[in-house]
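Following: one structure in structure tokens, then a few remarks.
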Amino acid sequence: MAFAGKTKHEVLSEFRTAEILEAARKVFAEKGFSEATVDEIAEAAGLAKGTLYLYFPSKKEIYLAALKNGVAELAEATRMNMEAAGGIRGKVHAFIQTRLEHVERNRDFFKIYHAEFGNLTHPLSVNESFRKLYRQQLDALEAILEKAAEGGEIRKTPAGAIASALYEMTRGLMLRRLLGWSGTTVEEDVETLNEFVWRGIGNS
């Protein structure tokens with residue numbers, strides 16, 4: 001019997017894959033890639049090791065899938081919230097807020113993200129799909145900044161450089177929260193960075 005256009009087998013496979021990736025994030029976040037074992041991931045997922053290998057052929061494949069899945073999820077949430085926001089100020093606010101809120105809800109993933117994917121020169125991050133996801137987010141930011149400059153909403157600035165700076169400043173706040181160094185709320189961090197940004201590129 002099909003469910004939403006999918007067979008029972010396909011639905012079960014997607015469910016099992018999600019379970020494995022969630023378990024993998026927790027194990028990798030706690031032990032890192034080198035120390036984590038497939039046995040530990042299988043146990044955390046409640047599966048036999050042999051069953052896990054039916055979904056992923058190696059520990060590296062599990063690791064990369066966990067990273068890619070988490071990055072894609074964050075990128076999609078960011079895109080949707082930016083599209084729903086009005087005006088350049090609203091979109092920049094949505095970009096920052098979505099990412100800071102996401103780190104609060106997904107700390108296991110972000111421990112992996114900042115250890116590995118946060119450095120695009122890391123061997124595991126050379127994967128082209130990761131670079132593409134990273135670039136897509138920068139391109140989206142650059143596009144809205146260019147449009148805002150053309151419409152006179154912000155000063156004319158090198159949109160690509162500003163997009164990269166905003167991305168990295170937001171990532172810095174995400175890491176600060178992850179490490180427990182922030183004594184402020186998410187909203188306070190969002191407002192602080194927003195004010196900093198608009199002092200630099202705002203028209204008033």
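Within each chain, counting starts at residue 1; across the structure tokens, chains are named A, B, ... in the order shown, with ligands numbered 1 upward in that order.
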Self-check item: Shell around segment 186-194 of chain A at 6 Å using only C-alpha atoms, local window under 2 positions removed, as a PyMOL selection string
Solution: chain A and resi 97+196-197
Quiz item: Hey, what's within 12 Å of segment 52-60 of chain A if we count only C-alpha atoms and toss same-chain stuff fewer than 6 positions away? As JSON, numbers by chain, please?
Solution: {"A": [12, 13, 14, 15, 16, 17, 18, 19, 20, 21, 23, 24, 25, 27, 28, 32, 33, 34, 35, 36, 37, 38, 39, 40, 41, 42, 43, 44, 45, 46, 66, 67, 123, 124, 125, 127]}
Pick out the residues sitting within 8 Å of Ile201 of chain A, and hand them over as an mmCIF file with C-alpha atoms, in the first residue's frame; count only C-alpha atoms, and ignore anything fewer than 2 positions along from it in its own chain.
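Writing done, so here's result.cif:
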```cif
data_model
loop_
_atom_site.group_PDB
_atom_site.id
_atom_site.type_symbol
_atom_site.label_atom_id
_atom_site.label_comp_id
_atom_site.auth_asym_id
_atom_site.auth_seq_id
_atom_site.Cartn_x
_atom_site.Cartn_y
_atom_site.Cartn_z
ATOM 1 C CA ILE A 154 21.057 50.017 1.749
ATOM 2 C CA ARG A 155 24.267 51.691 0.688
ATOM 3 C CA LYS A 156 25.941 50.344 -2.427
ATOM 4 C CA THR A 157 28.496 47.872 -1.132
ATOM 5 C CA VAL A 197 25.066 45.195 10.335
ATOM 6 C CA TRP A 198 22.779 48.177 9.803
ATOM 7 C CA ARG A 199 25.298 50.632 11.192
ATOM 8 C CA ASN A 203 21.239 54.326 4.642
#
```
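When only C-alpha atoms are used to compute distances to Asn81 of chain A, the closest of the residues A:Asn69, A:Leu166, A:Arg99, A:Ala143 turns out to be A:Arg99.
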Exercise. Check the DSSP output for the backbone and give back, as JSON, numbers by chain, the residues of segment 8-199 of chain A in alpha helix (DSSP H).
Key: {"A": [8, 9, 10, 11, 12, 13, 14, 15, 16, 17, 18, 19, 20, 21, 22, 23, 24, 25, 26, 27, 28, 29, 30, 31, 32, 33, 34, 35, 38, 39, 40, 41, 42, 43, 44, 45, 49, 50, 51, 52, 53, 54, 55, 59, 60, 61, 62, 63, 64, 65, 66, 67, 68, 69, 70, 71, 72, 73, 74, 75, 76, 77, 78, 79, 80, 81, 82, 83, 84, 87, 88, 89, 90, 91, 92, 93, 94, 95, 96, 97, 98, 99, 100, 101, 102, 103, 104, 105, 107, 108, 109, 110, 111, 112, 128, 129, 130, 131, 132, 133, 134, 135, 136, 137, 138, 139, 140, 141, 142, 143, 144, 145, 146, 147, 148, 149, 150, 159, 160, 161, 162, 163, 164, 165, 166, 167, 168, 169, 170, 171, 172, 173, 174, 175, 176, 177, 178, 186, 187, 188, 189, 190, 191, 192, 193, 194, 195, 196, 197, 198, 199]}
Practice problem: Quick one: everything within 12 Å of Gln137 of chain A, counting only C-alpha atoms, minus sequence neighbours fewer than 4 positions away in the same chain. Send it as a ChimeraX atom specification. | Solution: /A:71-72,74-80,82,95,99,130-133,141-144,160,163-164,166-168
Exercise. Tell me, in Å to one decimal, how far atom CA of Tyr113 of chain A is from atom CA of Trp181 of chain A.
Key: 17.8 Å
Self-check item: Proximity to Leu173 of chain A - best of A:Leu100, A:Val92, A:Leu64, A:Leu138, only C-alpha atoms
Solution: A:Leu100
